[in-house]
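Engineer: A single structure is presented below for examination.
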Amino acid sequence: MSFSPMINEDLGGFVIFLGQTGEYRIPIRCSTKKVDVSLDSNRVDFGAQVVIGETLRRSVMLRNSGALGSRFAFRRQVPTEKVESSVTESTIVVVEEKVSEKDGIDDITDIRDDVIEVIEDSIIDNVKDSSTVVPSIMEVDSSSFLDGVSNVTAGGDIRAFSQTKLELVYKPTIPGRVDVEFVVEFEDESTPSISVRVAANAIDIPIRLDRQVIDMRICADDRLYQESLTVESRSPSALRIKFEVPKELREHIEILPKTGFIQSRSTFTGQLKFRPNASLTATSYWSDGVLEAPITIRVANQTAPVTFTLLAVTTEMGIDFDQSDLDFGYCTVHESAVHEITMTNRSLLPQEFGFLGLPNFVEVQPNHGFGTILPRESIKLDVIFKPGKAKDYKFQINCKTLINRDFSIECRGIGCKTPLELSDSELRFPATVPYDAAVMAFSVANTHCSTNEYTHAVPRAGSKGPVPAVGPTPYQLVSPTPWLLCDPMVGVVAPGDKVRVRVRFAPTLSDSDIREKALEFLKEEVEMKRLRAVEEEDKPVKSKKSKSKENLKSAAKPSVDEPVKLPSVEDIQTGSVEYNRARSTLLRDYQSQLSSFTIPCYVGEARSSGDAGSGVPYNIANTLYLRVHCPVVAPSLVLLSNHGNPVVDFNQVALGSKATKSVTLQNISNRVLELGSSILDLYGPFLLVNALRPLQPDSTATLILSFTPTLADSFNETLTFSAGGASLHIQLVGLGVSPSVDVDTGGPEPGCIDFGHILAKETTSRVISVGNRSDIDVNFRVSLASRTRGVQTDSAVVGNQNWGGAVVFDVSPVSGCIPPGTTRELTATFAPDHPSRWMADRASISLFGLPYRDIDLIGVATPSLVYVTGYDDFRPRQESLSSPPFVISGDPVDQTEKIILVFQSLVSDSGYNPATRRLTIGCSKSPSLQGKKGGEFSFDAITAIQQFGFSIDIVKGSMDVGGSKVVSLTWKPVIGCNPDVPVETGIGLTLKSDSVLKYNVLLRGIIVSEEHVLSTD
């Protein structure tokens, strides 16, 4: 990237880049060259005990961080106003002469007295002559000032991105404090001046130290620090000196030698030793966390001692870990387990550290466990456990600092080898737009083929874990998000085999976000309606008629001030207009994101085929993990029509007719999109009518879709438009009519009408309700199976008919038209002309010539009002229609009929089990015999059957008209009966109502085993 400036101005902006996850920007700033200067310190302190005659040098660093250089001047700052001065120029000259006359340093006291005398004489003279005024701004070099402070550096050039040193010298000649100001001025007018304050204090002592303050800076506890002390003597004779340390600090501070002699005009060097520890904090020489230790130098024959100060900040050199014990748990040999630890430096000094001697299955990141931790800093480190084989691991990781201090963390973990392995431990999906899908695949392999642990590594958890059996091994994948779908999620892998698993990534928008956005739209609409209502109320009324109309309208409308109840988020229906509008808006404003998920694969234990049916044993140690990275980008193509609803519903369309709908697409990207589409079913009802053309940025395309159903069925197909590497899915839905019709028979079974028991030659009917639930007229037709010509009927469907072949069942009307939303009633009639137990037929309802519903019609015709059922009927169900079996006259006729009941007693270890049969005796209703009483029944010869083991719970009873009773007959084989010979006996049954019916009930008992039970149906 290059920049060629044409104007001298500051410029700013950004460059837009388009990456895999979307658009991102890099800011660019272009600035003009400027002078950006600063000083490393704005105050220079020469100390509080500078001995007269000593020369001290201090310097400050002038830095230019800008790209433009400049000339500068470094001078002493003097007052800008003219004031009266009590010291004239002649006084200064006299003082200088007095000083120059003194040759030796021993006459320093005389010099001071001469200077004071000259200044006092000058003040007295100036009082006599008040006209003597000296300007305060004196154009003299700074070295001419009596305070002894001067600048070595007077000025110069400072280049761009460079630094220069400004040096100051302090050589006092008289005692006292000095506080002056120096200023740095620049040739560049836009650069402000910088001031430097200089402070010092001169004292008159025969000996002096090279430093008044010994700054040991930051010192670690329990470590030895040494510093040299240089004492200089200005005395013409030798002096005896002694170093004194406060009593509380003698365990920590020591100066060797403690006593010494310093020769005339010579120097003496001592060694200061400083060893801080934890007990040092209990002393009283601390100020704001800084140790200020006063040390005194006693000079023989001198009352005033020489003092200096030792400054130090002590700190411990400890390192803390938030965890002292790491348990990695189960970890397979195909993966790594990570524990995050926090490392904290308790010291005020930076410490270099490193994790040394790590096993080959452990790793510390970042920077492989080496680095520098700043004072009071906490950093996070990842301890990675990568077992190479299945065993129990117990180890220690050691962190060593540069001062040879060790900190250890105990670790343990269990390495596991699983019977199943994943072909990939990580999947990276391509960039996918919301409501699109991307598919990737991996394999689950079963490598466990042998349990011989001496020839190869076998699956197990730890060193002594059990080895799973060899066999088909089940697995289950659990998706952590609805965006991911694995197919198959559950499976079984045979030894030496593998299963391919497809992972489908289909991102969507959050349903809660869509509903909240839809609620915002509803609030905006309510507010707009309220504002329009306010505007309508404020309009003036033009005439009386219009005023009366407005009054009527306002009376019908709610008041503007009435609160409007808004729906909650839960009330927003999925697929509603507000929902689709909010969804379309969020798609336009979608921000690209990258999400990562972990899919666990739970592995069960191998099982044999005989173990099927119970739960699958599961071991958490065998769990595998698949890491999936899923980038989601903003769409480039959106749907405009139908508020962004991706479902195109053609609703109901009659068979053979054609319906069309249009969809509108918009390109919201900044590039031209080449539209493409998937191929619809060539034999299906949907068709894309117009062709696809390139779509310019921010332009739209309207596409025509048609629906032509040929079958009475619902159709659903997905049309996918592709552009710019992304896809837009539109679901096409249509319904071919064949209408929706409800058929209600009024009975418990919807496909059957049971007319029950009626007298022969009587008629009963039932109503069949046919309701049209579709939006079109429905044409129907009813046909009976017994009347179908040319088609062989099933005997189970069509039963006995009336004499001469006449149908016993009928349905009317047989055809008609049902308007939309209405119900048509059909009448089914049962009219037998002779008694029969097996009368049946089937009514078939067809719509538009296509079969729709079958209804079975069954009924029983009896010769009398009373009847009995529940016995074993071994006679054929089909009867001859040539002649009637008997004729029913108007007078009651006694008839005797034989029926049979077969009892099957199961033999067991405890003996013979009782067998029970039940007869239902009832009395039917008859319109022709109104006022008749119910029926009666009775059993004869009860004693005769009891000796064979038979018993009856109800021997005699009565039934109401339309009612029935159940009689239970039980047989328990008597002791000593022959199990190979059936037990047979009989009993009489008499039924009385409008006629008397007599039955000879044959009772037959058979002893059978469980596998030889006979069916009585």
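For the structure tokens, the naming scheme is as follows: chains receive sequential letters (A, B, ...) according to their order of presentation, residues are indexed from 1 within each chain, and ligands are indexed from 1 in presentation order.
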From a backbone DSSP assignment, name each residue in region 712-944 of chain A labelled strand (DSSP E or B), as a ChimeraX atom specification.
Structural biologist: /A:714-723,726-737,741-744,752-759,764-772,778-784,809-812,815-818,823-830,836-847,850-862,866-869,872,895-908,911-912,915-923,935-940
Engineer: Check the DSSP output for the backbone and give back, as a PyMOL selection string, the residues of region 421-590 of chain A in alpha helix (DSSP H).
Structural biologist: chain A and resi 511-538+544-556+577-588
Engineer: Can you write out the residues you just picked, keeping C-alpha atoms, as an mmCIF file, in the first residue's frame?
Structural biologist:
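Written out: out-v5.cif:
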```cif
data_model
loop_
_atom_site.group_PDB
_atom_site.id
_atom_site.type_symbol
_atom_site.label_atom_id
_atom_site.label_comp_id
_atom_site.auth_asym_id
_atom_site.auth_seq_id
_atom_site.Cartn_x
_atom_site.Cartn_y
_atom_site.Cartn_z
ATOM 1 C CA ASP A 511 -36.746 -17.359 17.161
ATOM 2 C CA SER A 512 -36.777 -15.065 20.202
ATOM 3 C CA ASP A 513 -34.956 -12.316 18.262
ATOM 4 C CA ILE A 514 -37.475 -12.575 15.436
ATOM 5 C CA ARG A 515 -40.409 -12.326 17.846
ATOM 6 C CA GLU A 516 -38.923 -9.316 19.644
ATOM 7 C CA LYS A 517 -38.373 -7.570 16.310
ATOM 8 C CA ALA A 518 -41.929 -8.391 15.260
ATOM 9 C CA LEU A 519 -43.205 -6.893 18.522
ATOM 10 C CA GLU A 520 -41.311 -3.684 17.733
ATOM 11 C CA PHE A 521 -43.066 -3.509 14.355
ATOM 12 C CA LEU A 522 -46.431 -3.972 16.042
ATOM 13 C CA LYS A 523 -45.675 -1.140 18.451
ATOM 14 C CA GLU A 524 -44.721 1.110 15.527
ATOM 15 C CA GLU A 525 -47.967 0.287 13.711
ATOM 16 C CA VAL A 526 -50.039 1.019 16.817
ATOM 17 C CA GLU A 527 -48.245 4.332 17.252
ATOM 18 C CA MET A 528 -48.855 5.264 13.592
ATOM 19 C CA LYS A 529 -52.545 4.450 13.932
ATOM 20 C CA ARG A 530 -52.751 6.589 17.053
ATOM 21 C CA LEU A 531 -51.091 9.534 15.282
ATOM 22 C CA ARG A 532 -53.455 9.209 12.304
ATOM 23 C CA ALA A 533 -56.409 9.141 14.693
ATOM 24 C CA VAL A 534 -55.151 12.317 16.361
ATOM 25 C CA GLU A 535 -54.810 14.013 12.966
ATOM 26 C CA GLU A 536 -58.348 13.011 11.982
ATOM 27 C CA GLU A 537 -59.743 14.418 15.216
ATOM 28 C CA ASP A 538 -57.964 17.719 14.624
ATOM 29 C CA LYS A 544 -73.542 19.828 9.547
ATOM 30 C CA LYS A 545 -74.070 16.613 7.591
ATOM 31 C CA SER A 546 -70.408 15.821 7.621
ATOM 32 C CA LYS A 547 -70.339 16.749 11.304
ATOM 33 C CA SER A 548 -73.098 14.251 12.091
ATOM 34 C CA LYS A 549 -71.266 11.560 10.115
ATOM 35 C CA GLU A 550 -68.058 12.333 11.940
ATOM 36 C CA ASN A 551 -69.889 12.046 15.248
ATOM 37 C CA LEU A 552 -71.220 8.626 14.266
ATOM 38 C CA LYS A 553 -67.727 7.487 13.228
ATOM 39 C CA SER A 554 -66.122 8.839 16.374
ATOM 40 C CA ALA A 555 -68.750 7.083 18.458
ATOM 41 C CA ALA A 556 -67.867 3.808 16.771
ATOM 42 C CA VAL A 577 -46.928 -11.276 8.509
ATOM 43 C CA GLU A 578 -45.136 -9.596 11.418
ATOM 44 C CA TYR A 579 -42.969 -12.670 11.980
ATOM 45 C CA ASN A 580 -41.898 -12.888 8.328
ATOM 46 C CA ARG A 581 -41.269 -9.150 8.140
ATOM 47 C CA ALA A 582 -39.052 -9.250 11.220
ATOM 48 C CA ARG A 583 -37.209 -12.265 9.853
ATOM 49 C CA SER A 584 -36.526 -10.489 6.549
ATOM 50 C CA THR A 585 -35.288 -7.367 8.364
ATOM 51 C CA LEU A 586 -32.892 -9.334 10.560
ATOM 52 C CA LEU A 587 -31.513 -11.130 7.515
ATOM 53 C CA ARG A 588 -30.651 -7.806 5.910
#
```
Engineer: Please provide as a list in words all residues within 10 Å of region 257-263 of chain A, with the sequence filter that same-chain residues fewer than 6 positions apart are discarded (counting only C-alpha atoms).
Structural biologist: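 Here the qualifying residues turn out to be Ile207, Val231, Glu232, Ser233, Arg234, Ser235, Pro236, Ser237, Ala238, Leu239, Arg240, Ile241, Lys242, Phe243, Glu244, Val245, Thr269, Gly270, Gln271, Leu272, Ile297, Arg298, Val299 and Ala300 of chain A.
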Engineer: For Ile205 (chain A), which residue among A:Gln226, A:Thr307, A:Ser641, A:Thr372 is the nearest when counting only C-alpha atoms?
Structural biologist: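 Residue with the minimum atom-to-atom distance to Ile205 (chain A): A:Thr307.
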Engineer: What lies within 9 Å of Leu224 (chain A) using only C-alpha atoms, ignoring chain neighbours under 2 positions off, as a list in words?
Structural biologist: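 Everything that qualifies: Cys219, Ala220, Asp221, Asp222, Gln226, Lys273, Phe274, Arg275 and Pro276 of chain A.
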Engineer: Dump N, CA, C and O atoms for the selected residues as a PDB file, in the first residue's frame?
Structural biologist:
```
ATOM      1  N   CYS A 219      14.109  -4.313  45.911  1.00  0.00           N
ATOM      2  CA  CYS A 219      14.953  -5.415  46.358  1.00  0.00           C
ATOM      3  C   CYS A 219      14.081  -6.587  46.786  1.00  0.00           C
ATOM      4  O   CYS A 219      13.035  -6.415  47.424  1.00  0.00           O
ATOM      5  N   ALA A 220      14.539  -7.770  46.442  1.00  0.00           N
ATOM      6  CA  ALA A 220      13.818  -8.985  46.802  1.00  0.00           C
ATOM      7  C   ALA A 220      14.203  -9.423  48.197  1.00  0.00           C
ATOM      8  O   ALA A 220      15.348  -9.255  48.639  1.00  0.00           O
ATOM      9  N   ASP A 221      13.243 -10.026  48.907  1.00  0.00           N
ATOM     10  CA  ASP A 221      13.515 -10.527  50.248  1.00  0.00           C
ATOM     11  C   ASP A 221      14.525 -11.667  50.203  1.00  0.00           C
ATOM     12  O   ASP A 221      14.585 -12.455  49.240  1.00  0.00           O
ATOM     13  N   ASP A 222      15.316 -11.747  51.296  1.00  0.00           N
ATOM     14  CA  ASP A 222      16.282 -12.829  51.505  1.00  0.00           C
ATOM     15  C   ASP A 222      17.369 -12.866  50.436  1.00  0.00           C
ATOM     16  O   ASP A 222      17.918 -13.930  50.131  1.00  0.00           O
ATOM     17  N   GLN A 226      24.632  -5.073  47.569  1.00  0.00           N
ATOM     18  CA  GLN A 226      25.807  -4.324  48.011  1.00  0.00           C
ATOM     19  C   GLN A 226      25.941  -3.050  47.190  1.00  0.00           C
ATOM     20  O   GLN A 226      25.589  -3.023  46.010  1.00  0.00           O
ATOM     21  N   LYS A 273      26.050  -3.233  52.797  1.00  0.00           N
ATOM     22  CA  LYS A 273      25.374  -4.499  52.537  1.00  0.00           C
ATOM     23  C   LYS A 273      23.933  -4.411  53.045  1.00  0.00           C
ATOM     24  O   LYS A 273      23.701  -4.033  54.189  1.00  0.00           O
ATOM     25  N   PHE A 274      23.005  -4.802  52.159  1.00  0.00           N
ATOM     26  CA  PHE A 274      21.569  -4.707  52.475  1.00  0.00           C
ATOM     27  C   PHE A 274      20.929  -6.065  52.196  1.00  0.00           C
ATOM     28  O   PHE A 274      20.960  -6.556  51.064  1.00  0.00           O
ATOM     29  N   ARG A 275      20.372  -6.684  53.248  1.00  0.00           N
ATOM     30  CA  ARG A 275      19.702  -7.979  53.109  1.00  0.00           C
ATOM     31  C   ARG A 275      18.301  -7.865  53.739  1.00  0.00           C
ATOM     32  O   ARG A 275      18.143  -8.035  54.947  1.00  0.00           O
ATOM     33  N   PRO A 276      17.274  -7.578  52.936  1.00  0.00           N
ATOM     34  CA  PRO A 276      15.920  -7.467  53.498  1.00  0.00           C
ATOM     35  C   PRO A 276      15.293  -8.846  53.707  1.00  0.00           C
ATOM     36  O   PRO A 276      15.648  -9.816  53.035  1.00  0.00           O
TER      37      PRO A 276
END
```
Engineer: Could you tell me which of A:Leu56, A:Val996, A:Leu358, A:Ala461 comes closest to Asp392 (chain A) if we count only C-alpha atoms?
Structural biologist: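 Distance minimum relative to Asp392 (chain A) lands on A:Ala461.
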Engineer: Could you give me, as JSON, numbers by chain, the residues within 6 Å of region 591-607 of chain A, counting only C-alpha atoms and dropping anything in the same chain fewer than 6 positions from it?
Structural biologist: {"A": [21, 22, 469, 471, 472, 473, 474, 475, 476, 477, 478, 479, 617, 618, 622, 623, 624, 625, 626, 627, 628, 629, 630, 631, 632, 633, 634]}
Engineer: Write a file of the selected residues as a short mmCIF file (atom, residue, chain, number, x, y, z; two decimals), in the first residue's frame, keeping N, CA and C atoms.
Structural biologist:
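Result file again.cif:
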```cif
data_model
loop_
_atom_site.label_atom_id
_atom_site.label_comp_id
_atom_site.auth_asym_id
_atom_site.auth_seq_id
_atom_site.Cartn_x
_atom_site.Cartn_y
_atom_site.Cartn_z
N THR A 21 -15.51 -14.67 6.06
CA THR A 21 -16.63 -14.47 6.99
C THR A 21 -17.36 -13.17 6.77
N GLY A 22 -17.01 -12.44 5.74
CA GLY A 22 -17.73 -11.20 5.47
C GLY A 22 -16.81 -10.01 5.31
N ALA A 469 -15.24 -56.48 25.12
CA ALA A 469 -15.37 -57.64 24.23
C ALA A 469 -15.33 -57.19 22.79
N GLY A 471 -16.80 -57.20 19.22
CA GLY A 471 -18.12 -57.38 18.64
C GLY A 471 -18.67 -56.08 18.11
N PRO A 472 -19.88 -56.11 17.57
CA PRO A 472 -20.51 -54.87 17.09
C PRO A 472 -20.65 -53.87 18.24
N THR A 473 -20.13 -52.68 18.02
CA THR A 473 -20.09 -51.65 19.07
C THR A 473 -21.03 -50.50 18.72
N PRO A 474 -21.96 -50.17 19.59
CA PRO A 474 -22.88 -49.06 19.31
C PRO A 474 -22.27 -47.71 19.65
N TYR A 475 -22.78 -46.68 19.02
CA TYR A 475 -22.36 -45.31 19.30
C TYR A 475 -23.57 -44.39 19.18
N GLN A 476 -23.44 -43.22 19.76
CA GLN A 476 -24.50 -42.20 19.68
C GLN A 476 -23.86 -40.83 19.66
N LEU A 477 -24.24 -40.01 18.69
CA LEU A 477 -23.79 -38.64 18.56
C LEU A 477 -24.88 -37.71 19.09
N VAL A 478 -24.48 -36.73 19.88
CA VAL A 478 -25.43 -35.78 20.48
C VAL A 478 -25.07 -34.39 19.96
N SER A 479 -26.01 -33.78 19.26
CA SER A 479 -25.76 -32.46 18.69
C SER A 479 -25.95 -31.39 19.76
N PRO A 617 -24.84 -50.96 27.93
CA PRO A 617 -23.87 -50.44 28.92
C PRO A 617 -23.02 -49.33 28.30
N TYR A 618 -22.68 -48.37 29.13
CA TYR A 618 -22.01 -47.17 28.62
C TYR A 618 -20.89 -46.79 29.58
N ASN A 622 -14.89 -43.80 27.30
CA ASN A 622 -14.77 -44.07 25.86
C ASN A 622 -15.36 -42.97 25.00
N THR A 623 -15.74 -41.85 25.58
CA THR A 623 -16.38 -40.78 24.82
C THR A 623 -15.37 -40.11 23.89
N LEU A 624 -15.75 -39.95 22.63
CA LEU A 624 -14.96 -39.23 21.64
C LEU A 624 -15.59 -37.87 21.39
N TYR A 625 -14.79 -36.93 20.89
CA TYR A 625 -15.29 -35.57 20.67
C TYR A 625 -14.89 -35.10 19.28
N LEU A 626 -15.84 -34.44 18.62
CA LEU A 626 -15.62 -33.88 17.29
C LEU A 626 -15.81 -32.37 17.38
N ARG A 627 -14.77 -31.61 17.04
CA ARG A 627 -14.83 -30.15 17.08
C ARG A 627 -15.28 -29.66 15.71
N VAL A 628 -16.30 -28.80 15.70
CA VAL A 628 -16.90 -28.31 14.45
C VAL A 628 -16.84 -26.79 14.46
N HIS A 629 -16.25 -26.20 13.42
CA HIS A 629 -16.17 -24.75 13.26
C HIS A 629 -17.17 -24.34 12.17
N CYS A 630 -18.04 -23.42 12.52
CA CYS A 630 -19.16 -23.07 11.66
C CYS A 630 -19.20 -21.57 11.42
N PRO A 631 -18.67 -21.07 10.30
CA PRO A 631 -18.79 -19.64 9.99
C PRO A 631 -20.14 -19.34 9.34
N VAL A 632 -20.79 -18.30 9.81
CA VAL A 632 -22.09 -17.86 9.27
C VAL A 632 -21.90 -16.45 8.74
N VAL A 633 -22.26 -16.22 7.47
CA VAL A 633 -22.07 -14.92 6.82
C VAL A 633 -23.42 -14.34 6.44
N ALA A 634 -23.40 -13.05 6.19
CA ALA A 634 -24.63 -12.36 5.79
C ALA A 634 -25.04 -12.79 4.38
#
```
Engineer: Can you tell me, as a list in words, what residues are no more than 10 Å from Leu703 (chain A) when counting only C-alpha atoms, ignoring any on the same chain fewer than 5 positions away?
Structural biologist: Lys661, Ser662, Val663, Thr664, Leu665, Leu688, Val689, Asn690, Ala691 and Leu692 of chain A
Engineer: Can you tell me, as a PyMOL selection string, what residues are no more than 12 Å from Glu453 (chain A) when counting only C-alpha atoms, ignoring any on the same chain fewer than 2 positions away?
Structural biologist: chain A and resi 390+448-451+455-460+463-464+466-468
Engineer: Which residue is closest to Ser846 (chain A)? Choose from A:Leu906, A:Thr916, A:Lys498, A:Pro739 and count only C-alpha atoms.
Structural biologist: A:Pro739
Engineer: What is the CA of Thr173 (chain A) to CA of Val51 (chain A) distance in Å?
Structural biologist: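 Straight-line distance from CA of Thr173 (chain A) to CA of Val51 (chain A) works out to 9.0 Å.
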